[in-house]
>>> print(open('model-v5.txt').read())   # compact mmCIF, C-alpha atoms and all ligand atoms
# COMPACT_ATOMS: atom_id res chain seq x y z
CA MET A 1 -76.12 -58.58 -27.91
CA ARG A 2 -74.35 -59.50 -24.70
CA HIS A 3 -74.33 -55.98 -23.32
CA THR A 4 -78.02 -55.60 -24.16
CA ARG A 5 -78.82 -58.57 -22.00
CA ARG A 6 -76.65 -57.33 -19.19
CA SER A 7 -78.24 -53.89 -19.35
CA PHE A 8 -81.60 -55.55 -19.09
CA PHE A 9 -80.52 -57.45 -15.98
CA GLN A 10 -79.22 -54.25 -14.43
CA TRP A 11 -82.53 -52.62 -15.17
CA THR A 12 -84.41 -55.62 -13.81
CA ALA A 13 -82.38 -55.48 -10.62
CA GLY A 14 -83.16 -51.79 -10.31
CA ALA A 15 -86.83 -52.42 -10.93
CA ALA A 16 -86.84 -55.17 -8.31
CA LEU A 17 -85.33 -52.77 -5.79
CA LEU A 18 -87.97 -50.25 -6.68
CA ALA A 19 -90.73 -52.80 -6.32
CA ALA A 20 -89.30 -53.90 -2.98
CA GLY A 21 -89.28 -50.48 -1.45
CA ARG A 22 -89.96 -47.37 -3.41
CA SER A 23 -92.40 -46.37 -6.10
CA TRP A 24 -91.56 -44.00 -8.92
CA GLY A 25 -93.70 -41.41 -7.20
CA ALA A 26 -91.83 -41.82 -3.94
CA LEU A 27 -88.52 -41.48 -5.76
CA ALA A 28 -89.73 -38.33 -7.47
CA ALA A 29 -90.83 -36.97 -4.11
CA ASP A 30 -87.42 -37.83 -2.69
CA ALA A 31 -85.74 -36.01 -5.54
CA ALA A 32 -87.91 -32.96 -4.97
CA GLN A 33 -87.13 -33.05 -1.26
CA ALA A 34 -83.43 -33.41 -2.02
CA VAL A 35 -83.54 -30.25 -4.11
CA GLY A 36 -85.54 -28.48 -1.44
CA ALA A 37 -83.10 -29.55 1.24
CA GLY A 38 -80.22 -28.19 -0.81
CA LEU A 39 -78.46 -31.54 -1.20
CA THR A 40 -75.60 -30.99 -3.55
CA GLU A 41 -74.88 -34.56 -4.66
CA VAL A 42 -76.80 -36.86 -6.97
CA ASP A 43 -76.26 -40.61 -7.45
CA LEU A 44 -75.84 -41.39 -11.16
CA TYR A 45 -75.13 -44.42 -13.35
CA PHE A 46 -72.22 -44.15 -15.80
CA VAL A 47 -72.61 -46.36 -18.87
CA ALA A 48 -68.98 -46.57 -20.05
CA GLU A 49 -67.82 -47.51 -16.54
CA ALA A 50 -70.91 -49.63 -15.77
CA THR A 51 -70.93 -48.16 -12.28
CA ARG A 52 -72.82 -45.74 -10.04
CA ARG A 53 -71.33 -42.90 -8.06
CA SER A 54 -72.34 -39.64 -6.45
CA VAL A 55 -71.41 -36.44 -8.25
CA PRO A 56 -72.15 -32.77 -7.53
CA ARG A 57 -75.38 -31.34 -8.92
CA VAL A 58 -74.89 -28.83 -11.74
CA VAL A 59 -76.46 -25.47 -10.88
CA ARG A 60 -75.87 -22.48 -13.15
CA SER A 61 -77.43 -19.04 -13.57
CA GLU A 62 -79.66 -18.30 -16.53
CA ASP A 63 -76.86 -16.15 -17.98
CA GLN A 64 -74.39 -19.02 -17.67
CA TRP A 65 -76.80 -21.40 -19.42
CA ARG A 66 -77.33 -18.87 -22.21
CA GLN A 67 -73.59 -18.65 -22.73
CA GLN A 68 -73.08 -22.41 -22.72
CA LEU A 69 -76.01 -23.44 -24.91
CA THR A 70 -77.27 -22.51 -28.37
CA PRO A 71 -80.51 -20.48 -28.36
CA GLN A 72 -82.51 -23.59 -29.27
CA GLN A 73 -80.80 -25.77 -26.64
CA TYR A 74 -81.47 -23.05 -24.06
CA HIS A 75 -85.13 -22.70 -25.07
CA VAL A 76 -85.75 -26.46 -24.87
CA THR A 77 -83.76 -27.34 -21.75
CA ARG A 78 -84.24 -24.25 -19.57
CA GLN A 79 -87.61 -22.94 -20.82
CA GLN A 80 -89.43 -26.26 -21.28
CA GLY A 81 -89.46 -25.82 -25.05
CA THR A 82 -90.20 -28.38 -27.74
CA GLU A 83 -88.40 -28.63 -31.07
CA ARG A 84 -90.54 -29.14 -34.16
CA ALA A 85 -91.05 -32.77 -35.17
CA TYR A 86 -88.57 -34.20 -37.68
CA THR A 87 -86.20 -31.23 -37.27
CA GLY A 88 -83.90 -32.61 -34.56
CA ARG A 89 -80.53 -34.14 -35.40
CA TYR A 90 -81.25 -37.41 -33.56
CA ALA A 91 -84.78 -38.20 -34.78
CA ASP A 92 -83.30 -40.42 -37.52
CA HIS A 93 -80.02 -41.44 -35.90
CA HIS A 94 -78.93 -45.05 -35.51
CA GLU A 95 -75.36 -45.20 -34.21
CA HIS A 96 -74.33 -47.31 -31.23
CA GLY A 97 -73.71 -45.22 -28.16
CA VAL A 98 -75.08 -43.08 -25.37
CA TYR A 99 -77.23 -39.96 -25.57
CA ARG A 100 -76.03 -37.55 -22.88
CA CYS A 101 -77.49 -34.37 -21.40
CA VAL A 102 -76.45 -31.36 -23.48
CA GLY A 103 -76.31 -29.30 -20.29
CA CYS A 104 -74.08 -31.43 -18.06
CA GLY A 105 -73.04 -34.61 -19.90
CA THR A 106 -75.05 -37.05 -17.76
CA ASP A 107 -75.70 -40.38 -19.50
CA LEU A 108 -79.44 -40.44 -20.27
CA PHE A 109 -80.36 -42.99 -22.95
CA HIS A 110 -78.61 -45.93 -24.62
CA SER A 111 -79.00 -46.46 -28.37
CA ASP A 112 -80.17 -50.02 -27.65
CA THR A 113 -83.39 -48.60 -26.16
CA LYS A 114 -84.12 -46.22 -29.07
CA PHE A 115 -87.04 -47.19 -31.28
CA GLU A 116 -88.93 -45.89 -34.30
CA SER A 117 -91.99 -44.15 -32.88
CA GLY A 118 -92.96 -42.36 -36.08
CA THR A 119 -93.40 -39.13 -34.11
CA GLY A 120 -90.40 -37.20 -35.44
CA TRP A 121 -88.68 -37.06 -32.05
CA PRO A 122 -86.01 -39.41 -30.68
CA SER A 123 -87.89 -42.06 -28.70
CA PHE A 124 -86.61 -44.47 -26.07
CA TYR A 125 -88.34 -47.05 -23.91
CA ARG A 126 -86.25 -46.37 -20.79
CA PRO A 127 -83.34 -44.26 -19.49
CA VAL A 128 -79.93 -45.79 -18.76
CA ALA A 129 -80.90 -45.83 -15.07
CA GLU A 130 -83.95 -44.60 -13.21
CA GLY A 131 -81.90 -42.21 -11.08
CA ASN A 132 -80.37 -40.39 -14.05
CA VAL A 133 -83.66 -38.68 -14.89
CA GLY A 134 -86.37 -37.05 -12.82
CA THR A 135 -90.04 -36.48 -13.58
CA HIS A 136 -92.87 -34.22 -12.60
CA VAL A 137 -96.49 -33.76 -13.66
CA ASP A 138 -96.78 -31.13 -16.38
CA ARG A 139 -100.21 -29.44 -16.72
CA ALA A 140 -99.22 -26.97 -19.44
CA TRP A 141 -101.32 -26.49 -22.58
CA GLY A 142 -104.42 -28.01 -21.00
CA MET A 143 -102.88 -31.48 -20.90
CA VAL A 144 -101.66 -33.66 -18.05
CA ARG A 145 -98.33 -35.13 -19.06
CA THR A 146 -95.27 -36.54 -17.31
CA GLU A 147 -92.31 -34.24 -17.86
CA VAL A 148 -88.82 -35.77 -17.77
CA HIS A 149 -85.60 -33.91 -16.96
CA CYS A 150 -81.92 -34.53 -16.25
CA ALA A 151 -81.40 -35.50 -12.60
CA ARG A 152 -78.10 -33.61 -12.38
CA CYS A 153 -78.81 -30.21 -13.97
CA GLU A 154 -82.63 -30.34 -14.35
CA ALA A 155 -82.50 -29.75 -18.10
CA HIS A 156 -85.93 -30.37 -19.60
CA LEU A 157 -85.70 -33.38 -21.94
CA GLY A 158 -89.25 -34.14 -23.06
CA HIS A 159 -92.24 -36.17 -21.86
CA ILE A 160 -93.09 -39.79 -21.06
CA PHE A 161 -96.14 -41.47 -22.62
CA PRO A 162 -97.64 -44.89 -21.83
CA ASP A 163 -97.68 -46.11 -25.46
CA GLY A 164 -94.13 -47.44 -25.84
CA PRO A 165 -92.94 -50.92 -26.77
CA PRO A 166 -91.98 -53.79 -24.43
CA PRO A 167 -90.38 -54.31 -22.03
CA THR A 168 -91.50 -51.08 -20.32
CA GLY A 169 -94.48 -49.96 -22.41
CA LEU A 170 -93.17 -46.41 -22.05
CA ARG A 171 -92.20 -43.88 -24.69
CA TYR A 172 -89.67 -41.29 -23.63
CA CYS A 173 -90.30 -38.61 -26.25
CA ILE A 174 -87.11 -36.54 -26.17
CA ASN A 175 -85.93 -33.36 -27.89
CA SER A 176 -82.72 -33.77 -29.89
CA ALA A 177 -81.76 -30.32 -28.63
CA SER A 178 -81.48 -31.74 -25.10
CA LEU A 179 -79.05 -34.47 -26.15
CA GLU A 180 -75.41 -34.91 -27.13
CA PHE A 181 -74.58 -38.29 -28.67
CA ALA A 182 -71.38 -40.10 -27.68
CA PRO A 183 -70.45 -43.21 -29.68
CA LEU A 184 -69.45 -46.37 -27.84
CA VAL A 185 -67.03 -48.85 -29.38
CA ALA A 186 -69.01 -52.07 -29.81
CA GLY A 187 -68.52 -54.21 -26.72
CA LYS A 188 -66.54 -51.54 -24.89
CA GLU A 189 -68.95 -51.46 -21.97
CA GLU A 190 -68.47 -55.19 -21.48
CA THR A 191 -64.79 -54.75 -20.68
CA HIS A 192 -65.48 -52.32 -17.84
CA GLY A 193 -66.56 -53.05 -14.30
ZN ZN B 1 -77.98 -32.44 -17.27
>>> encode(input="model-v5.txt", output="structure tokens", more="lines below")
Ligand SMILES: [Zn+2]
Amino acid sequence: MRHTRRSFFQWTAGAALLAAGRSWGALAADAAQAVGAGLTEVDLYFVAEATRRSVPRVVRSEDQWRQQLTPQQYHVTRQQGTERAYTGRYADHHEHGVYRCVGCGTDLFHSDTKFESGTGWPSFYRPVAEGNVGTHVDRAWGMVRTEVHCARCEAHLGHIFPDGPPPTGLRYCINSASLEFAPLVAGKEETHG
């Protein structure tokens, strides 16, 4: 449980920084500006190393994505698709580790934040760090939803809903097809950093 507590403190520290200066909306606007300005680096948190560092953005052509990904992974991550409920490989998955972006390997969600939502999609109450994902307002299908994507390669992951459990009250409803699970040896993250 020790790493859970530490993760929470890291998150709390991040939230405090956000509260002190920037809102989620401002951060999203910054991210959009960064893309517009052609910035090539993105600041990410790495779970196994318990550290942040800047890495190059991942930008590939549609043909390159098609070659790298399965048809379903491509449809979900590059065409804003949604897998059918209860069909994804991580909807009922309970190992200890990190769920990474299938497109670029960015750490996205820790298994400690996964919960049973009963929706048929992997559900988390927060990402490993606020900067590892980006959001924008999605008005498709006559609904107003918050879309969430990988901050490094912009792979579509799913949507965020305000009906999650404490401590955030958020439900990150994520497609299994967007994720690649990487197990962590219990306690490994405590020996780093
Ligand atoms: Zn990615």
>>> residues_near_ligand(input="model-v5.txt", ligand="ligand ZN 1 (chain B)", cutoff="9 Å", atoms="only C-alpha atoms and all ligand atoms", output="number ranges by chain")
A: 57-58, 77, 100-108, 132-133, 149-156, 178
>>> atom_distance(input="model-v5.txt", atom1="atom CA of A:Glu116", atom2="atom CA of A:Asp138")
24.5 Å
>>> residues_near_point(input="model-v5.txt", point="(-90.5, -32.8, -30.6)", cutoff="12 Å", atoms="all atoms listed in the file", output="VMD selection string")
chain A and resid 76 80 to 91 117 to 123 157 to 159 172 to 178
>>> atom_distance(input="model-v5.txt", atom1="atom CA of A:Val98", atom2="atom CA of A:His110")
4.6 Å
>>> atom_distance(input="model-v5.txt", atom1="atom CA of A:His93", atom2="atom CA of A:Tyr125")
15.6 Å
>>> closest_residue(input="model-v5.txt", among="A:Phe181, A:Tyr74, A:Phe109, A:Trp65", to="A:Arg126", atoms="all atoms listed in the file")
A:Phe109
>>> closest_residue(input="model-v5.txt", among="A:Glu130, A:Gln79, A:Ser54, A:Pro162", to="A:Arg66", atoms="only C-alpha atoms")
A:Gln79
>>> residues_around(input="model-v5.txt", residues="A:Ile160", least_positions_apart="6", cutoff="8 Å", atoms="all atoms listed in the file", output="list in words")
Arg145, Thr146, Glu147, Val148, Leu170, Arg171, Tyr172 and Cys173 of chain A
>>> build_atoms(input="model-v5.txt", residues="stretch 86-97 of chain A", atoms="N, CA and C atoms", output="CSV table (one decimal), in the frame of the given file")
chain,number,residue,atom,x,y,z
A,86,TYR,N,-89.4,-33.9,-36.5
A,86,TYR,CA,-88.6,-34.2,-37.7
A,86,TYR,C,-87.5,-33.2,-37.9
A,87,THR,N,-87.2,-32.2,-37.0
A,87,THR,CA,-86.2,-31.2,-37.3
A,87,THR,C,-84.9,-31.5,-36.5
A,88,GLY,N,-85.0,-32.4,-35.4
A,88,GLY,CA,-83.9,-32.6,-34.6
A,88,GLY,C,-82.9,-33.5,-35.2
A,89,ARG,N,-81.6,-33.4,-34.8
A,89,ARG,CA,-80.5,-34.1,-35.4
A,89,ARG,C,-80.5,-35.6,-35.0
A,90,TYR,N,-81.3,-36.0,-34.0
A,90,TYR,CA,-81.2,-37.4,-33.6
A,90,TYR,C,-82.6,-38.2,-33.8
A,91,ALA,N,-83.5,-37.5,-34.5
A,91,ALA,CA,-84.8,-38.2,-34.8
A,91,ALA,C,-84.5,-39.4,-35.7
A,92,ASP,N,-83.6,-39.3,-36.6
A,92,ASP,CA,-83.3,-40.4,-37.5
A,92,ASP,C,-81.8,-40.7,-37.4
A,93,HIS,N,-81.4,-41.2,-36.2
A,93,HIS,CA,-80.0,-41.4,-35.9
A,93,HIS,C,-79.9,-42.8,-35.3
A,94,HIS,N,-78.9,-43.6,-35.8
A,94,HIS,CA,-78.9,-45.0,-35.5
A,94,HIS,C,-77.6,-45.6,-35.1
A,95,GLU,N,-76.7,-44.7,-34.6
A,95,GLU,CA,-75.4,-45.2,-34.2
A,95,GLU,C,-75.4,-45.8,-32.8
A,96,HIS,N,-74.4,-46.6,-32.5
A,96,HIS,CA,-74.3,-47.3,-31.2
A,96,HIS,C,-73.7,-46.4,-30.2
A,97,GLY,N,-74.3,-46.1,-29.1
A,97,GLY,CA,-73.7,-45.2,-28.2
A,97,GLY,C,-74.7,-44.7,-27.1
